[in-house]
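Enquirer: Contents are PDB, C-alpha atoms; file name start.pdb:
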```
ATOM      1  CA  MET P   1       0.000   0.000   0.000
ATOM      2  CA  PRO P   2       1.456   3.379  -0.951
ATOM      3  CA  LYS P   3       0.568   5.067   2.363
ATOM      4  CA  LEU P   4       3.401   4.500   4.815
ATOM      5  CA  ASP P   5       2.746   3.144   8.288
ATOM      6  CA  LEU P   6       5.157   5.576   9.915
ATOM      7  CA  ASP P   7       4.846   4.015  13.366
ATOM      8  CA  ALA P   8       6.059   0.685  11.943
ATOM      9  CA  ILE P   9       9.257   2.160  10.504
ATOM     10  CA  PRO P  10      12.245   1.984  12.882
ATOM     11  CA  GLN P  11      13.202   5.260  14.524
ATOM     12  CA  THR P  12      16.763   6.021  15.619
ATOM     13  CA  ASN P  13      18.784   8.861  17.084
ATOM     14  CA  ALA P  14      22.059   7.415  15.788
ATOM     15  CA  THR P  15      24.765   9.831  14.662
ATOM     16  CA  GLY P  16      28.243   9.499  13.230
ATOM     17  CA  TYR P  17      29.349  12.766  14.834
ATOM     18  CA  PRO P  18      32.301  12.540  17.202
ATOM     19  CA  PRO P  19      31.179  12.742  20.851
ATOM     20  CA  GLU P  20      32.205  16.360  21.345
ATOM     21  CA  PHE P  21      29.735  17.492  18.640
ATOM     22  CA  ALA P  22      27.002  14.875  19.105
ATOM     23  CA  GLY P  23      25.153  16.475  22.026
ATOM     24  CA  PRO P  24      22.752  18.667  20.024
ATOM     25  CA  VAL P  25      21.502  15.721  17.931
ATOM     26  CA  GLN P  26      20.842  13.270  20.781
ATOM     27  CA  GLY P  27      17.205  14.367  20.713
ATOM     28  CA  ARG P  28      16.894  14.053  16.921
ATOM     29  CA  TRP P  29      14.820  10.933  16.185
ATOM     30  CA  TYR P  30      14.475   9.982  12.551
ATOM     31  CA  ARG P  31      13.000   7.364  10.259
ATOM     32  CA  ARG P  32      14.631   6.770   6.885
ATOM     33  CA  LEU P  33      11.643   6.526   4.552
ATOM     34  CA  ALA P  34      13.277   5.760   1.197
ATOM     35  CA  PRO P  35      14.388   2.200   2.005
ATOM     36  CA  ALA P  36      11.085   1.598   3.803
ATOM     37  CA  SER P  37       9.125   2.599   0.716
ATOM     38  CA  GLY P  38      11.181   1.164  -2.129
ATOM     39  CA  ILE P  39      12.404   4.533  -3.369
ATOM     40  CA  THR P  40      15.948   5.048  -4.642
ATOM     41  CA  ASP P  41      15.926   8.309  -6.647
ATOM     42  CA  PHE P  42      16.442  10.334  -3.469
ATOM     43  CA  GLY P  43      16.487  10.002   0.295
ATOM     44  CA  TYR P  44      13.827  11.310   2.645
ATOM     45  CA  SER P  45      13.427  11.132   6.368
ATOM     46  CA  HIS P  46      10.694  11.753   8.928
ATOM     47  CA  VAL P  47      12.385  13.649  11.749
ATOM     48  CA  THR P  48      11.238  14.536  15.263
ATOM     49  CA  LEU P  49      13.284  17.039  17.239
ATOM     50  CA  GLU P  50      12.740  16.820  20.969
ATOM     51  CA  PRO P  51      12.922  20.123  22.867
ATOM     52  CA  GLY P  52      16.491  21.394  22.693
ATOM     53  CA  ALA P  53      17.519  19.157  19.788
ATOM     54  CA  TRP P  54      19.060  20.286  16.504
ATOM     55  CA  SER P  55      18.642  18.808  13.020
ATOM     56  CA  ALA P  56      22.430  18.641  12.624
ATOM     57  CA  GLN P  57      25.465  20.766  13.229
ATOM     58  CA  ARG P  58      25.110  23.775  10.966
ATOM     59  CA  HIS P  59      26.359  22.627   7.558
ATOM     60  CA  TRP P  60      26.149  22.866   3.781
ATOM     61  CA  HIS P  61      26.713  20.236   1.101
ATOM     62  CA  GLN P  62      28.922  20.755  -1.931
ATOM     63  CA  GLY P  63      26.993  18.454  -4.224
ATOM     64  CA  GLU P  64      23.522  17.657  -2.837
ATOM     65  CA  ASP P  65      20.345  19.719  -2.779
ATOM     66  CA  GLU P  66      18.144  19.489   0.311
ATOM     67  CA  PHE P  67      14.792  20.803   1.461
ATOM     68  CA  VAL P  68      12.579  20.437   4.510
ATOM     69  CA  VAL P  69       8.807  20.615   5.048
ATOM     70  CA  MET P  70       7.523  21.333   8.562
ATOM     71  CA  LEU P  71       4.668  19.099   9.720
ATOM     72  CA  SER P  72       4.093  20.045  13.355
ATOM     73  CA  GLY P  73       5.590  22.157  16.110
ATOM     74  CA  GLU P  74       8.039  24.950  15.559
ATOM     75  CA  ALA P  75      11.762  25.218  14.840
ATOM     76  CA  VAL P  76      14.259  28.019  14.390
ATOM     77  CA  LEU P  77      16.142  27.877  11.102
ATOM     78  CA  VAL P  78      19.627  29.347  11.538
ATOM     79  CA  ASP P  79      21.688  30.298   8.491
ATOM     80  CA  ASP P  80      24.092  33.066   7.470
ATOM     81  CA  GLY P  81      21.104  35.386   7.055
ATOM     82  CA  GLY P  82      20.001  35.055  10.669
ATOM     83  CA  GLU P  83      17.122  33.222  12.313
ATOM     84  CA  THR P  84      13.750  32.314  10.810
ATOM     85  CA  ILE P  85      10.795  30.620  12.519
ATOM     86  CA  MET P  86       9.546  27.495  10.723
ATOM     87  CA  ARG P  87       5.928  26.461  11.328
ATOM     88  CA  PRO P  88       3.716  23.662   9.923
ATOM     89  CA  GLY P  89       3.408  23.974   6.155
ATOM     90  CA  ASP P  90       6.614  25.989   5.813
ATOM     91  CA  VAL P  91       9.238  24.861   3.305
ATOM     92  CA  ALA P  92      12.954  25.741   3.282
ATOM     93  CA  ALA P  93      15.421  24.854   0.531
ATOM     94  CA  PHE P  94      19.182  24.426   0.722
ATOM     95  CA  PRO P  95      20.711  24.381  -2.767
ATOM     96  CA  LYS P  96      23.968  22.520  -3.141
ATOM     97  CA  ASN P  97      27.237  24.437  -2.913
ATOM     98  CA  ASP P  98      25.657  27.708  -1.780
ATOM     99  CA  GLY P  99      28.097  28.029   1.120
ATOM    100  CA  ASN P 100      25.285  28.970   3.490
ATOM    101  CA  GLY P 101      25.288  26.611   6.461
ATOM    102  CA  HIS P 102      21.871  25.735   7.873
ATOM    103  CA  VAL P 103      20.412  24.043  10.942
ATOM    104  CA  LEU P 104      16.968  23.649  12.489
ATOM    105  CA  GLN P 105      16.863  24.091  16.269
ATOM    106  CA  ASN P 106      13.927  23.218  18.494
ATOM    107  CA  ARG P 107      14.030  25.898  21.178
ATOM    108  CA  GLY P 108      10.480  25.212  22.375
ATOM    109  CA  ASP P 109       9.126  22.871  25.008
ATOM    110  CA  THR P 110       7.276  20.465  22.697
ATOM    111  CA  PRO P 111       8.598  18.257  19.868
ATOM    112  CA  CYS P 112       8.578  19.423  16.263
ATOM    113  CA  VAL P 113       8.306  17.178  13.199
ATOM    114  CA  TYR P 114       9.465  17.670   9.625
ATOM    115  CA  ILE P 115      10.300  15.780   6.442
ATOM    116  CA  ALA P 116      13.831  16.246   5.074
ATOM    117  CA  VAL P 117      14.592  15.387   1.428
ATOM    118  CA  GLY P 118      17.952  15.054  -0.291
ATOM    119  CA  LYS P 119      20.257  12.771  -2.170
ATOM    120  CA  PRO P 120      22.645  10.559  -0.209
ATOM    121  CA  SER P 121      25.781  12.580   0.436
ATOM    122  CA  VAL P 122      28.696  11.739  -1.858
ATOM    123  CA  THR P 123      30.490  15.106  -1.742
ATOM    124  CA  ASP P 124      32.172  17.105   1.006
ATOM    125  CA  CYS P 125      30.009  18.531   3.782
ATOM    126  CA  HIS P 126      31.153  21.767   5.435
ATOM    127  CA  TYR P 127      30.556  22.831   9.060
ATOM    128  CA  PRO P 128      31.230  26.562   9.432
ATOM    129  CA  ASP P 129      30.786  26.805  13.231
ATOM    130  CA  ILE P 130      32.893  23.914  14.526
ATOM    131  CA  ASP P 131      36.264  22.282  13.921
ATOM    132  CA  MET P 132      34.839  19.440  11.828
ATOM    133  CA  HIS P 133      34.745  18.526   8.138
ATOM    134  CA  LEU P 134      33.292  15.583   6.228
ATOM    135  CA  PRO P 135      35.459  14.795   3.192
ATOM    136  CA  ALA P 136      33.691  12.850   0.461
ATOM    137  CA  GLY P 137      33.808   9.133   1.104
ATOM    138  CA  GLN P 138      35.658   9.411   4.409
ATOM    139  CA  GLY P 139      34.749   9.798   8.053
ATOM    140  CA  PHE P 140      34.641  13.017  10.029
ATOM    141  CA  ARG P 141      37.921  14.927  10.335
ATOM    142  CA  ARG P 142      39.050  18.121  11.986
ATOM    143  CA  LYS P 143      39.512  20.989   9.550
ATOM    144  CA  ASP P 144      43.284  20.341   9.404
ATOM    145  CA  GLY P 145      42.551  16.771   8.246
ATOM    146  CA  SER P 146      43.449  15.063  11.516
ATOM    147  CA  GLY P 147      41.134  12.485  13.065
ATOM    148  CA  PHE P 148      39.074  12.734  16.212
TER
ATOM    149  CA  MET K   1      16.833  33.139   2.610
ATOM    150  CA  PRO K   2      16.245  29.384   2.684
ATOM    151  CA  LYS K   3      12.605  29.636   3.835
ATOM    152  CA  LEU K   4      10.381  29.929   0.772
ATOM    153  CA  ASP K   5       7.794  32.681   0.488
ATOM    154  CA  LEU K   6       5.158  30.354  -0.917
ATOM    155  CA  ASP K   7       2.664  33.137  -1.590
ATOM    156  CA  ALA K   8       5.193  34.832  -3.870
ATOM    157  CA  ILE K   9       5.701  31.774  -6.071
ATOM    158  CA  PRO K  10       3.400  31.652  -9.103
ATOM    159  CA  GLN K  11       0.525  29.202  -8.861
ATOM    160  CA  THR K  12      -1.035  27.582 -11.919
ATOM    161  CA  ASN K  13      -3.652  25.000 -12.808
ATOM    162  CA  ALA K  14      -2.116  24.381 -16.229
ATOM    163  CA  THR K  15      -2.250  20.865 -17.628
ATOM    164  CA  GLY K  16      -1.058  19.180 -20.801
ATOM    165  CA  TYR K  17      -3.923  16.668 -20.687
ATOM    166  CA  PRO K  18      -6.204  16.620 -23.705
ATOM    167  CA  PRO K  19      -9.540  18.342 -22.983
ATOM    168  CA  GLU K  20     -11.508  15.129 -22.540
ATOM    169  CA  PHE K  21      -9.326  14.115 -19.571
ATOM    170  CA  ALA K  22      -8.495  17.553 -18.145
ATOM    171  CA  GLY K  23     -11.674  18.106 -16.135
ATOM    172  CA  PRO K  24     -10.558  16.459 -12.872
ATOM    173  CA  VAL K  25      -7.379  18.591 -12.678
ATOM    174  CA  GLN K  26      -8.940  21.993 -13.320
ATOM    175  CA  GLY K  27      -9.068  22.514  -9.551
ATOM    176  CA  ARG K  28      -5.467  21.403  -9.018
ATOM    177  CA  TRP K  29      -3.393  24.523  -8.273
ATOM    178  CA  TYR K  30       0.342  24.010  -7.968
ATOM    179  CA  ARG K  31       3.585  25.866  -7.432
ATOM    180  CA  ARG K  32       6.781  24.368  -8.815
ATOM    181  CA  LEU K  33       9.224  24.861  -5.944
ATOM    182  CA  ALA K  34      12.478  23.523  -7.401
ATOM    183  CA  PRO K  35      13.076  26.343  -9.907
ATOM    184  CA  ALA K  36      11.911  28.876  -7.307
ATOM    185  CA  SER K  37      14.462  27.611  -4.804
ATOM    186  CA  GLY K  38      17.502  26.852  -6.951
ATOM    187  CA  ILE K  39      17.206  23.092  -6.619
ATOM    188  CA  THR K  40      17.916  20.753  -9.536
ATOM    189  CA  ASP K  41      18.435  17.266  -8.027
ATOM    190  CA  PHE K  42      14.683  16.640  -8.036
ATOM    191  CA  GLY K  43      11.384  18.369  -8.570
ATOM    192  CA  TYR K  44       8.899  19.269  -5.881
ATOM    193  CA  SER K  45       5.591  21.040  -5.942
ATOM    194  CA  HIS K  46       3.197  22.619  -3.458
ATOM    195  CA  VAL K  47      -0.247  21.498  -4.533
ATOM    196  CA  THR K  48      -3.733  22.605  -3.498
ATOM    197  CA  LEU K  49      -6.699  20.492  -4.573
ATOM    198  CA  GLU K  50      -9.974  22.371  -4.538
ATOM    199  CA  PRO K  51     -13.052  20.313  -3.601
ATOM    200  CA  GLY K  52     -13.628  17.759  -6.336
ATOM    201  CA  ALA K  53     -10.149  18.059  -7.858
ATOM    202  CA  TRP K  54      -7.728  15.225  -8.492
ATOM    203  CA  SER K  55      -3.916  15.241  -8.351
ATOM    204  CA  ALA K  56      -3.762  13.705 -11.838
ATOM    205  CA  GLN K  57      -5.381  10.980 -13.831
ATOM    206  CA  ARG K  58      -4.490   7.721 -12.086
ATOM    207  CA  HIS K  59      -1.003   6.845 -13.342
ATOM    208  CA  TRP K  60       2.356   5.246 -12.671
ATOM    209  CA  HIS K  61       5.826   6.144 -13.946
ATOM    210  CA  GLN K  62       8.218   3.630 -15.463
ATOM    211  CA  GLY K  63      11.380   5.412 -14.366
ATOM    212  CA  GLU K  64      10.681   8.003 -11.658
ATOM    213  CA  ASP K  65      10.026   7.574  -7.958
ATOM    214  CA  GLU K  66       7.456   9.861  -6.341
ATOM    215  CA  PHE K  67       6.116  10.564  -2.887
ATOM    216  CA  VAL K  68       3.637  12.967  -1.313
ATOM    217  CA  VAL K  69       3.337  14.518   2.149
ATOM    218  CA  MET K  70      -0.056  15.819   3.253
ATOM    219  CA  LEU K  71      -0.025  19.272   4.858
ATOM    220  CA  SER K  72      -3.674  20.148   5.395
ATOM    221  CA  GLY K  73      -7.153  18.889   4.607
ATOM    222  CA  GLU K  74      -7.942  15.381   3.508
ATOM    223  CA  ALA K  75      -7.649  13.399   0.287
ATOM    224  CA  VAL K  76      -8.538   9.896  -0.856
ATOM    225  CA  LEU K  77      -5.621   7.964  -2.298
ATOM    226  CA  VAL K  78      -6.847   5.526  -4.936
ATOM    227  CA  ASP K  79      -4.599   2.729  -6.144
ATOM    228  CA  ASP K  80      -4.941  -0.915  -7.158
ATOM    229  CA  GLY K  81      -5.285  -1.822  -3.486
ATOM    230  CA  GLY K  82      -8.377   0.316  -2.977
ATOM    231  CA  GLU K  83      -8.932   3.634  -1.210
ATOM    232  CA  THR K  84      -6.958   5.151   1.659
ATOM    233  CA  ILE K  85      -7.625   8.398   3.526
ATOM    234  CA  MET K  86      -4.648  10.776   3.620
ATOM    235  CA  ARG K  87      -4.519  13.328   6.449
ATOM    236  CA  PRO K  88      -1.969  15.961   7.508
ATOM    237  CA  GLY K  89       1.376  14.347   8.291
ATOM    238  CA  ASP K  90       0.647  11.255   6.197
ATOM    239  CA  VAL K  91       3.192  10.142   3.606
ATOM    240  CA  ALA K  92       2.596   7.929   0.558
ATOM    241  CA  ALA K  93       5.295   6.595  -1.765
ATOM    242  CA  PHE K  94       5.027   5.531  -5.387
ATOM    243  CA  PRO K  95       8.112   3.576  -6.457
ATOM    244  CA  LYS K  96       8.961   3.667 -10.132
ATOM    245  CA  ASN K  97       7.776   0.875 -12.388
ATOM    246  CA  ASP K  98       5.541  -0.763  -9.771
ATOM    247  CA  GLY K  99       2.596  -0.853 -12.168
ATOM    248  CA  ASN K 100       0.247   0.420  -9.449
ATOM    249  CA  GLY K 101      -1.516   3.542 -10.681
ATOM    250  CA  HIS K 102      -2.211   6.188  -8.041
ATOM    251  CA  VAL K 103      -4.231   9.372  -7.697
ATOM    252  CA  LEU K 104      -5.257  11.688  -4.860
ATOM    253  CA  GLN K 105      -8.873  12.845  -4.971
ATOM    254  CA  ASN K 106     -10.347  15.618  -2.857
ATOM    255  CA  ARG K 107     -13.873  14.421  -2.153
ATOM    256  CA  GLY K 108     -14.457  16.868   0.691
ATOM    257  CA  ASP K 109     -15.823  20.390   0.736
ATOM    258  CA  THR K 110     -12.611  22.213   1.721
ATOM    259  CA  PRO K 111      -9.238  22.389  -0.074
ATOM    260  CA  CYS K 112      -6.405  20.018   0.769
ATOM    261  CA  VAL K 113      -2.696  20.780   0.434
ATOM    262  CA  TYR K 114       0.292  18.505  -0.080
ATOM    263  CA  ILE K 115       3.890  18.477  -1.257
ATOM    264  CA  ALA K 116       4.715  16.142  -4.172
ATOM    265  CA  VAL K 117       8.324  15.117  -4.831
ATOM    266  CA  GLY K 118       9.787  13.391  -7.866
ATOM    267  CA  LYS K 119      12.269  13.610 -10.673
ATOM    268  CA  PRO K 120      11.189  15.249 -13.924
ATOM    269  CA  SER K 121       9.572  12.570 -16.040
ATOM    270  CA  VAL K 122      11.786  11.198 -18.809
ATOM    271  CA  THR K 123      10.199   7.755 -19.133
ATOM    272  CA  ASP K 124       6.766   6.503 -20.157
ATOM    273  CA  CYS K 125       3.825   7.288 -17.904
ATOM    274  CA  HIS K 126       0.927   4.807 -17.838
ATOM    275  CA  TYR K 127      -2.767   5.585 -17.247
ATOM    276  CA  PRO K 128      -4.644   2.380 -16.446
ATOM    277  CA  ASP K 129      -8.175   3.850 -16.315
ATOM    278  CA  ILE K 130      -8.350   5.905 -19.506
ATOM    279  CA  ASP K 131      -7.390   5.677 -23.169
ATOM    280  CA  MET K 132      -4.237   7.764 -22.774
ATOM    281  CA  HIS K 133      -0.502   7.109 -22.665
ATOM    282  CA  LEU K 134       2.521   9.383 -22.305
ATOM    283  CA  PRO K 135       5.449   7.953 -24.292
ATOM    284  CA  ALA K 136       8.861   9.203 -23.159
ATOM    285  CA  GLY K 137       9.758  12.488 -24.806
ATOM    286  CA  GLN K 138       6.483  12.803 -26.709
ATOM    287  CA  GLY K 139       3.064  14.281 -26.108
ATOM    288  CA  PHE K 140      -0.024  12.443 -24.931
ATOM    289  CA  ARG K 141      -1.286   9.669 -27.187
ATOM    290  CA  ARG K 142      -4.147   7.222 -27.156
ATOM    291  CA  LYS K 143      -3.091   3.704 -26.190
ATOM    292  CA  ASP K 144      -2.968   2.690 -29.877
ATOM    293  CA  GLY K 145      -0.444   5.488 -30.509
ATOM    294  CA  SER K 146      -2.803   7.825 -32.316
ATOM    295  CA  GLY K 147      -3.027  11.491 -31.391
ATOM    296  CA  PHE K 148      -5.860  13.350 -29.706
TER
END
```
What is this structure when it is put down as structure tokens?
Expert:
Amino acid sequence: MPKLDLDAIPQTNATGYPPEFAGPVQGRWYRRLAPASGITDFGYSHVTLEPGAWSAQRHWHQGEDEFVVMLSGEAVLVDDGGETIMRPGDVAAFPKNDGNGHVLQNRGDTPCVYIAVGKPSVTDCHYPDIDMHLPAGQGFRRKDGSGF
Amino acid sequence: MPKLDLDAIPQTNATGYPPEFAGPVQGRWYRRLAPASGITDFGYSHVTLEPGAWSAQRHWHQGEDEFVVMLSGEAVLVDDGGETIMRPGDVAAFPKNDGNGHVLQNRGDTPCVYIAVGKPSVTDCHYPDIDMHLPAGQGFRRKDGSGF
């Protein structure tokens, strides 16, 4: 059946971030919907941010477009332009290689939910605020290339 | 700014369907969000179905995955498996080449809104319920290949 049974799809708060940068995403619970629905053209996830949680460390991708659609609750979108409130029905787009790091932060006291869409990352990901870099096809490094 | 000003993006109810099959989509008003947001990896649209409107004629794509996320209102998803109610927060996926035609129908008396995601169609699209076919790279034909 085309309609997904979201509750039946495993939810995880796993992250590959090194421990010193993983704190803000401990309350980010996500379901990867593409494998659950037989879709391969792009990835998409159903994400719940508990109060205080972030979508990621602020970042931008060299080679992958992304966008998010808010479903419930409220988040603060932080980018180089400042802060923007995201409410249900709002859409934000993050074109590849724009150099404008973005993050959603739940600063409220109730969870927020959104769908995030993008292609699996195969290019470098840049983190402007912290000493971390994700080179294509490798694990996380410090900006000087050393490991954690 | 990453957040889209949806009201500022042009909305259209244009369709390439031949007149005899265009009736159900006259009340389908959509905004193409990818060009408006600088995204090229995939297409995505913000769609409002007025009461009585359909998302499309029931169809399936040979080579493009699709999914929809409901934002407001209610629609009936019709596919080979029957009818399923779609409400805000619901997600339905339509894997390429599954041979299971799908359509969203607004049978209520208020509009419904959803986001549809997919790659631009470059393969055949099949319409199981009507005498129409969309061959890759050509215009709409009847199933015997003749024009409208």
Enquirer: As number ranges by chain, please: the residues near region 116-122 of chain P (cut-off 8 Å, all atoms listed in the file, same-chain neighbours under 6 positions excluded).
Expert: P: 41-47, 61, 63-69, 136-137; K: 41
Enquirer: Write out as a compact mmCIF listing (two decimals) with C-alpha atoms, in the frame of the given file every residue belonging to chain P that has an atom at most 7 Å from any atom of chain K, counting only C-alpha atoms.
Expert:
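selection23.txt, written as the output of this step:
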```txt
# COMPACT_ATOMS: atom_id res chain seq x y z
CA MET P 1 0.00 0.00 0.00
CA PRO P 2 1.46 3.38 -0.95
CA LYS P 3 0.57 5.07 2.36
CA LEU P 4 3.40 4.50 4.82
CA SER P 37 9.12 2.60 0.72
CA GLY P 38 11.18 1.16 -2.13
CA ILE P 39 12.40 4.53 -3.37
CA ASP P 41 15.93 8.31 -6.65
CA ASP P 65 20.34 19.72 -2.78
CA LEU P 71 4.67 19.10 9.72
CA GLY P 81 21.10 35.39 7.06
CA GLY P 89 3.41 23.97 6.16
CA VAL P 91 9.24 24.86 3.30
CA ALA P 92 12.95 25.74 3.28
CA ALA P 93 15.42 24.85 0.53
CA PHE P 94 19.18 24.43 0.72
CA PRO P 95 20.71 24.38 -2.77
```
Enquirer: Residues within 12 Å of Glu20 (chain K), please, as a PyMOL selection string. Count all atoms listed in the file; anything in the same chain fewer than 4 positions from it doesn't count.
Expert: chain K and resi 15-16+24-26+57+130-132+142+148
Enquirer: Grab all the atoms of region 36-49 of chain K that the file lists, wrap them in a box along x, y and z, add 6 Å per side, and give me centre plus edge lengths in Å (one decimal) as JSON.
Expert:
```
{"center_x": 5.9, "center_y": 22.8, "center_z": -6.5, "size_x": 37.1, "size_y": 24.2, "size_z": 18.1}
```
Enquirer: Please evaluate the PyMOL selection byres ((chain K and resi 128) around 8) against the structure above and give the resulting residues as an NGL selection string.
Expert: :K and (58-59 or 101 or 126-127 or 129-131)
Enquirer: Could you work out how far CA of Val76 (chain K) lies from CA of Ile9 (chain K), giving the answer in Å with one decimal?
Expert: 26.6 Å
Enquirer: Could region 44-60 of chain P be completed with N, CA, C and O atoms and returned as an mmCIF file, in the frame of the given file?
Expert:
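Just written: part-v1.cif:
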```
data_model
loop_
_atom_site.group_PDB
_atom_site.id
_atom_site.type_symbol
_atom_site.label_atom_id
_atom_site.label_comp_id
_atom_site.auth_asym_id
_atom_site.auth_seq_id
_atom_site.Cartn_x
_atom_site.Cartn_y
_atom_site.Cartn_z
ATOM 1 N N TYR P 44 14.694 10.417 1.876
ATOM 2 C CA TYR P 44 13.827 11.310 2.645
ATOM 3 C C TYR P 44 13.594 10.703 4.010
ATOM 4 O O TYR P 44 13.527 9.481 4.151
ATOM 5 N N SER P 45 13.536 11.575 4.985
ATOM 6 C CA SER P 45 13.427 11.132 6.368
ATOM 7 C C SER P 45 12.318 11.876 7.087
ATOM 8 O O SER P 45 12.053 13.051 6.806
ATOM 9 N N HIS P 46 11.702 11.180 8.022
ATOM 10 C CA HIS P 46 10.694 11.753 8.928
ATOM 11 C C HIS P 46 11.426 12.008 10.239
ATOM 12 O O HIS P 46 11.934 11.079 10.857
ATOM 13 N N VAL P 47 11.518 13.276 10.635
ATOM 14 C CA VAL P 47 12.385 13.649 11.749
ATOM 15 C C VAL P 47 11.579 14.312 12.856
ATOM 16 O O VAL P 47 10.770 15.201 12.597
ATOM 17 N N THR P 48 11.801 13.878 14.083
ATOM 18 C CA THR P 48 11.238 14.536 15.263
ATOM 19 C C THR P 48 12.389 15.118 16.074
ATOM 20 O O THR P 48 13.338 14.403 16.409
ATOM 21 N N LEU P 49 12.304 16.407 16.349
ATOM 22 C CA LEU P 49 13.284 17.039 17.239
ATOM 23 C C LEU P 49 12.637 17.234 18.604
ATOM 24 O O LEU P 49 11.661 17.979 18.750
ATOM 25 N N GLU P 50 13.201 16.572 19.601
ATOM 26 C CA GLU P 50 12.740 16.820 20.969
ATOM 27 C C GLU P 50 13.148 18.240 21.377
ATOM 28 O O GLU P 50 14.030 18.832 20.747
ATOM 29 N N PRO P 51 12.513 18.788 22.422
ATOM 30 C CA PRO P 51 12.922 20.123 22.867
ATOM 31 C C PRO P 51 14.428 20.192 23.099
ATOM 32 O O PRO P 51 15.011 19.300 23.722
ATOM 33 N N GLY P 52 15.053 21.209 22.544
ATOM 34 C CA GLY P 52 16.491 21.394 22.693
ATOM 35 C C GLY P 52 17.317 20.770 21.585
ATOM 36 O O GLY P 52 18.498 21.101 21.437
ATOM 37 N N ALA P 53 16.729 19.874 20.799
ATOM 38 C CA ALA P 53 17.519 19.157 19.788
ATOM 39 C C ALA P 53 17.695 19.980 18.511
ATOM 40 O O ALA P 53 16.893 20.862 18.193
ATOM 41 N N TRP P 54 18.756 19.671 17.799
ATOM 42 C CA TRP P 54 19.060 20.286 16.504
ATOM 43 C C TRP P 54 18.929 19.228 15.401
ATOM 44 O O TRP P 54 19.098 18.034 15.642
ATOM 45 N N SER P 55 18.708 19.710 14.175
ATOM 46 C CA SER P 55 18.642 18.808 13.020
ATOM 47 C C SER P 55 20.005 18.237 12.660
ATOM 48 O O SER P 55 20.102 17.162 12.054
ATOM 49 N N ALA P 56 21.056 18.983 13.007
ATOM 50 C CA ALA P 56 22.430 18.641 12.624
ATOM 51 C C ALA P 56 23.316 19.725 13.219
ATOM 52 O O ALA P 56 22.810 20.691 13.792
ATOM 53 N N GLN P 57 24.617 19.589 13.099
ATOM 54 C CA GLN P 57 25.465 20.766 13.229
ATOM 55 C C GLN P 57 25.261 21.605 11.969
ATOM 56 O O GLN P 57 24.997 21.065 10.892
ATOM 57 N N ARG P 58 25.351 22.898 12.116
ATOM 58 C CA ARG P 58 25.110 23.775 10.966
ATOM 59 C C ARG P 58 26.085 23.392 9.847
ATOM 60 O O ARG P 58 27.289 23.265 10.081
ATOM 61 N N HIS P 59 25.551 23.209 8.630
ATOM 62 C CA HIS P 59 26.359 22.627 7.558
ATOM 63 C C HIS P 59 25.814 23.020 6.188
ATOM 64 O O HIS P 59 24.677 23.472 6.063
ATOM 65 N N TRP P 60 26.635 22.802 5.168
ATOM 66 C CA TRP P 60 26.149 22.866 3.781
ATOM 67 C C TRP P 60 26.886 21.804 2.964
ATOM 68 O O TRP P 60 28.021 21.440 3.253
#
```
